[in-house]
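**Student:** Okay, handing you the structure first.
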Amino acid sequence: MIDQDVIERTLGTALRTGADFAEIYAEDKRNTSVGLDDGRVEQVTSGRDRGAGIRVIKGETTGFAHTSDLSETGLAAAASAAAEAASRGGGGVRTVALTPAERRAVNEVQQYPETIGKTAKVELLQRIDAAARAAGTEIVQVSAGYADSRKRVLVANSDGLLAVDDIARILARVNVVASGDTGMQTGYQSMGRTIGWEVFDPASELFVDVEELARDAARQALVKLTARPAPSGSMPVVIKNGSGAVLFHEACGHGLEADHIQKGASVYAGKVGELVASPLVTLVDDGTMAGEWGTLAIDDEGHPTQRNVLIQDGVLTDYMWDHIRARKEGRGPSGNGRRQSYMHLPMVRMTNTIVLDGHDEPDDIVANTERGVYVAELGGGSVNTASGDFVFGMREAYLIEDGRITEPLREGNLIGNGPQVLRDIDMLGNDFMMGNPGTCGKDGQGVPVGDGQPTLRVKQMTIGGTAS
Ligand SMILES: [Zn+2]
């Protein structure tokens, strides 16, 4: 993307005012999206965005400038601006000799999405549409979306780091509306992978069957046509594998980000080594999982992503770090420095946040629950990331009576506190599964994240239902 000698000279310019640290993050991103609404192609868009962000740190001051001009002149202008912003004095010349890191491929991409024609992408959505409609005559509305991107990234800094990556991402989603006695009911499913178009090839190891996805969204909507309003009260809640880990991302994970810790905006501050969860729980942030939505070879500060154990057997072991905070603490980075684009500064972010398997059979978890709620899919919610207090909707839920899943429920909320939920997990399944792809929106910057968890039981949670 940029010649090494140009990068070295640009870093030299960035360091001219005597900075402690300078960094170039450059990217070249192409993306396509297609929407299908009630069988009509609503929009096809594609774009290309390229540019570089230059960060200069002196003492406690950070200067940042970005440019869409990747020529040496453009980079030099941004470097000077960032250096100027970081410092008013200093001086002297520092040169940087870069050591290119070998590219680490966590996902071997076979078919980059930009090599696939628009027609194939529309056809994919038409298959989704047809599969959802075939699920029943009550299906009255289907909308499907597809998006892909390819991003080439280069990161270099004054420590001599030079790393590159080449990332392909594919996302598909389907919304279904069914109409019946209980009015209109909705279903939703989505898939997202950090991999190429081969994800739709049944022979591929990471194959996703989009028609199955569509049928599942339709099934959700149809089930709710016969659902009764959820009860209210405090009761055991069983969360199906892969369907509720967004709760742990939002209501626990953010509290384990080192920037929140340092600001004192987390219940987990100062608690390393303490029991903060049920001893059944091991919580991991893993950026290396093959093909997953939150997976990256390197983070947006150029450091290899890792499998970071945050909570081990209930004990808080570590936080997530970006480079600058890790450096200040005299420790290695954890590969969690991420940014939305070259126009943004990096900060501490999650990748794939997962609760590891326990030993219980999922069927036994339900069989051991006399009365409670079975959440088959969490919906959207709102979360206070500092306290971990949350309210999540339940997209698909059932009553558990005498150890069996019985009637479907609708219009219920799950109300609780993330750290408390971690302590109250009293059964943990052995059926780990990843959930739907997500976009984490910390401080207005969106980045792709994944989550996953086995079937688990929380001994007590508040259900906010509408049943009288
Ligand atoms: Zn988030």
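We label chains A, B, ... in the order they appear in the structure tokens, count residues from 1 in each chain, and number ligands from 1 in the order shown.
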Skip Ile195 in chain A itself and residues of its chain fewer than 4 positions away, then list as a ChimeraX atom specification all residues within 7 Å of it, counting only C-alpha atoms.

**Tutor:** /A:107,109,168-170,199,291

**Student:** Select from range 152-310 of chain A everything DSSP, run on the backbone, classes as strand (DSSP E), then give the selection as a PyMOL selection string.

**Tutor:** chain A and resi 152-157+161-180+183-193+228-229+233-239+283-286+307-310

**Student:** Keeping C-alpha atoms for every residue in the selection just given, could you write it to a file as a CSV table (one decimal), in the first residue's frame?

**Tutor:**
```
chain,number,residue,atom,x,y,z
A,152,ARG,CA,-6.1,-4.1,3.4
A,153,VAL,CA,-4.4,-2.7,6.5
A,154,LEU,CA,-0.9,-1.5,7.2
A,155,VAL,CA,0.3,-0.4,10.7
A,156,ALA,CA,3.8,0.9,11.4
A,157,ASN,CA,5.1,2.6,14.5
A,161,LEU,CA,6.7,-2.4,14.1
A,162,LEU,CA,5.4,-2.9,10.5
A,163,ALA,CA,2.5,-5.3,10.1
A,164,VAL,CA,0.0,-5.8,7.4
A,165,ASP,CA,-3.3,-7.7,7.0
A,166,ASP,CA,-5.9,-8.4,4.4
A,167,ILE,CA,-9.4,-9.0,5.7
A,168,ALA,CA,-12.6,-10.3,4.0
A,169,ARG,CA,-15.9,-10.1,5.8
A,170,ILE,CA,-19.4,-11.3,4.8
A,171,LEU,CA,-22.7,-10.6,6.5
A,172,ALA,CA,-26.2,-11.7,5.7
A,173,ARG,CA,-29.4,-11.1,7.7
A,174,VAL,CA,-33.1,-11.8,7.3
A,175,ASN,CA,-36.2,-10.2,9.0
A,176,VAL,CA,-39.5,-12.1,8.7
A,177,VAL,CA,-43.0,-11.0,9.7
A,178,ALA,CA,-45.8,-13.4,10.3
A,179,SER,CA,-49.5,-12.5,10.7
A,180,GLY,CA,-52.0,-14.4,12.7
A,183,GLY,CA,-51.2,-9.8,15.4
A,184,MET,CA,-47.9,-9.3,13.6
A,185,GLN,CA,-44.9,-11.3,15.0
A,186,THR,CA,-41.3,-11.0,13.8
A,187,GLY,CA,-38.3,-13.3,13.4
A,188,TYR,CA,-34.7,-12.5,12.7
A,189,GLN,CA,-31.5,-14.3,12.0
A,190,SER,CA,-28.1,-13.3,10.7
A,191,MET,CA,-24.7,-14.7,9.9
A,192,GLY,CA,-21.3,-13.0,9.8
A,193,ARG,CA,-17.9,-14.4,9.0
A,228,ARG,CA,-48.8,-16.1,25.2
A,229,PRO,CA,-47.6,-13.0,27.0
A,233,GLY,CA,-41.3,-12.1,38.4
A,234,SER,CA,-38.0,-13.6,39.6
A,235,MET,CA,-37.3,-17.1,38.4
A,236,PRO,CA,-34.5,-19.4,37.0
A,237,VAL,CA,-33.6,-18.6,33.4
A,238,VAL,CA,-32.0,-21.1,31.0
A,239,ILE,CA,-30.3,-19.5,28.0
A,283,LEU,CA,-14.7,-16.0,30.2
A,284,VAL,CA,-12.4,-15.5,27.3
A,285,ASP,CA,-11.9,-12.8,24.6
A,286,ASP,CA,-10.4,-14.6,21.6
A,307,ARG,CA,-6.8,-15.7,23.2
A,308,ASN,CA,-7.1,-13.7,26.5
A,309,VAL,CA,-8.5,-15.4,29.5
A,310,LEU,CA,-10.4,-12.7,31.5
```

**Student:** What residues of the protein or nucleic acid chains come within 12 Å of ligand 1 when you use only C-alpha atoms and all ligand atoms? Reply as a ChimeraX atom specification.

**Tutor:** /A:245-257,294,348-353,381-386,388,437-451

**Student:** Write out as a list in words which residues come within 7 Å of range 6-13 of chain A when counting only C-alpha atoms, dropping same-chain ones fewer than 4 positions away.

**Tutor:**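 Once the nearby chain positions are removed, what remains is Ile2, Ala22, Glu23, Glu72, Leu75, Ala76, Ala79, Ser80, Arg94, Thr95, Val96, Ala97, Leu98 and Ser158 of chain A.
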
**Student:** Got time to write the residues from that selection, C-alpha atoms, as an mmCIF file, in the first residue's frame?

**Tutor:**
```
data_model
loop_
_atom_site.group_PDB
_atom_site.id
_atom_site.type_symbol
_atom_site.label_atom_id
_atom_site.label_comp_id
_atom_site.auth_asym_id
_atom_site.auth_seq_id
_atom_site.Cartn_x
_atom_site.Cartn_y
_atom_site.Cartn_z
ATOM 1 C CA ILE A 2 2.820 2.413 0.958
ATOM 2 C CA ALA A 22 4.304 7.740 16.514
ATOM 3 C CA GLU A 23 2.117 5.424 14.468
ATOM 4 C CA GLU A 72 4.303 10.921 0.519
ATOM 5 C CA LEU A 75 1.324 11.560 4.656
ATOM 6 C CA ALA A 76 3.974 14.151 5.559
ATOM 7 C CA ALA A 79 2.393 13.601 10.239
ATOM 8 C CA SER A 80 3.326 17.265 10.751
ATOM 9 C CA ARG A 94 14.653 10.524 15.365
ATOM 10 C CA THR A 95 14.795 7.983 12.593
ATOM 11 C CA VAL A 96 12.840 4.775 12.618
ATOM 12 C CA ALA A 97 14.007 1.502 11.084
ATOM 13 C CA LEU A 98 11.068 -0.803 10.520
ATOM 14 C CA SER A 158 8.187 4.222 16.025
#
```

**Student:** I'd like the neighbourhood of Tyr268 in chain A as a PyMOL selection string, where a residue qualifies if any of its atoms comes within 10 Å (using only C-alpha atoms), though same-chain residues fewer than 2 positions away should be ignored.

**Tutor:** chain A and resi 252+254-258+260-261+264-266+270-272+274+276+316+318-319+386-387+419

**Student:** Calculated over only C-alpha atoms, which of the candidates A:Arg150, A:Arg215, A:Arg30, A:Lys58 has the smallest distance to Ala130 in chain A?

**Tutor:**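 For Ala130 in chain A, the nearest of the given residues is A:Arg215.
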
**Student:** Write down as a PyMOL selection string the residues belonging to range 48-181 of chain A that are assigned helix (DSSP H, G or I) by DSSP computed on the backbone.

**Tutor:** chain A and resi 72-86+113-115+118-133

**Student:** Emit the selected residues as a PDB file, in the first residue's frame, including C-alpha atoms.

**Tutor:**
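Result saved to result_8.pdb:
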```
ATOM      1  CA  GLU A  72       4.303  10.921   0.519  1.00  0.00           C
ATOM      2  CA  THR A  73       3.279  14.592   0.529  1.00  0.00           C
ATOM      3  CA  GLY A  74      -0.137  13.791   1.964  1.00  0.00           C
ATOM      4  CA  LEU A  75       1.324  11.560   4.656  1.00  0.00           C
ATOM      5  CA  ALA A  76       3.974  14.151   5.559  1.00  0.00           C
ATOM      6  CA  ALA A  77       1.291  16.831   5.986  1.00  0.00           C
ATOM      7  CA  ALA A  78      -0.744  14.585   8.305  1.00  0.00           C
ATOM      8  CA  ALA A  79       2.393  13.601  10.239  1.00  0.00           C
ATOM      9  CA  SER A  80       3.326  17.265  10.751  1.00  0.00           C
ATOM     10  CA  ALA A  81      -0.188  18.125  11.875  1.00  0.00           C
ATOM     11  CA  ALA A  82      -0.276  15.263  14.388  1.00  0.00           C
ATOM     12  CA  ALA A  83       3.209  16.125  15.662  1.00  0.00           C
ATOM     13  CA  GLU A  84       2.234  19.768  16.032  1.00  0.00           C
ATOM     14  CA  ALA A  85      -0.877  18.790  17.951  1.00  0.00           C
ATOM     15  CA  ALA A  86       1.109  16.559  20.305  1.00  0.00           C
ATOM     16  CA  PRO A 113     -16.028 -11.010  -2.184  1.00  0.00           C
ATOM     17  CA  GLU A 114     -15.183  -8.305  -4.749  1.00  0.00           C
ATOM     18  CA  THR A 115     -14.478 -11.059  -7.301  1.00  0.00           C
ATOM     19  CA  LYS A 118     -23.653  -8.521  -8.168  1.00  0.00           C
ATOM     20  CA  THR A 119     -26.056 -11.089  -9.639  1.00  0.00           C
ATOM     21  CA  ALA A 120     -24.783 -13.856  -7.370  1.00  0.00           C
ATOM     22  CA  LYS A 121     -25.307 -11.634  -4.329  1.00  0.00           C
ATOM     23  CA  VAL A 122     -28.874 -10.808  -5.362  1.00  0.00           C
ATOM     24  CA  GLU A 123     -29.525 -14.518  -5.993  1.00  0.00           C
ATOM     25  CA  LEU A 124     -28.310 -15.346  -2.510  1.00  0.00           C
ATOM     26  CA  LEU A 125     -30.933 -12.974  -1.076  1.00  0.00           C
ATOM     27  CA  GLN A 126     -33.609 -14.410  -3.355  1.00  0.00           C
ATOM     28  CA  ARG A 127     -32.855 -17.887  -1.951  1.00  0.00           C
ATOM     29  CA  ILE A 128     -33.219 -16.478   1.565  1.00  0.00           C
ATOM     30  CA  ASP A 129     -36.499 -14.806   0.622  1.00  0.00           C
ATOM     31  CA  ALA A 130     -37.927 -17.967  -0.964  1.00  0.00           C
ATOM     32  CA  ALA A 131     -36.920 -20.213   1.941  1.00  0.00           C
ATOM     33  CA  ALA A 132     -38.536 -17.880   4.487  1.00  0.00           C
ATOM     34  CA  ARG A 133     -41.775 -17.598   2.494  1.00  0.00           C
TER      35      ARG A 133
END
```

**Student:** Quick one: distance from CA of Arg395 in chain A to CA of Arg371 in chain A in Å, one decimal?

**Tutor:**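 A separation of 19.8 Å between them.
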
**Student:** From the list A:Ile354, A:Ala105, A:Ala144, A:Val34, which residue is nearest Gly117 in chain A when using only C-alpha atoms?

**Tutor:**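 The shortest atom-to-atom distance to Gly117 in chain A comes from A:Val34.
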
**Student:** Rank nothing, just name the residue among A:Arg104, A:Arg16, A:His359, A:Lys240 nearest to Val458 in chain A, using only C-alpha atoms.

**Tutor:**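 Answer, going by the shortest atom-to-atom distance: A:Lys240.
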
**Student:** Taking into account only C-alpha atoms, which residue in the set A:Glu198, A:Glu370, A:Asp181, A:Asp322 is nearest to Asn336 in chain A?

**Tutor:**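 Looking at the shortest contact to Asn336 in chain A, the residue is A:Asp322.
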
**Student:** Using only C-alpha atoms, find the one residue out of A:Thr466, A:Ala269, A:Tyr398, A:Asp360 that sits nearest to Asp426 in chain A.

**Tutor:**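 Of the candidates, the smallest distance to Asp426 in chain A is held by A:Asp360.
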
**Student:** Hey, what's within 6 Å of range 37-50 of chain A if we count only C-alpha atoms and toss same-chain stuff fewer than 5 positions away? As a VMD selection string, please?

**Tutor:** chain A and resid 27 to 32 68 142 to 143
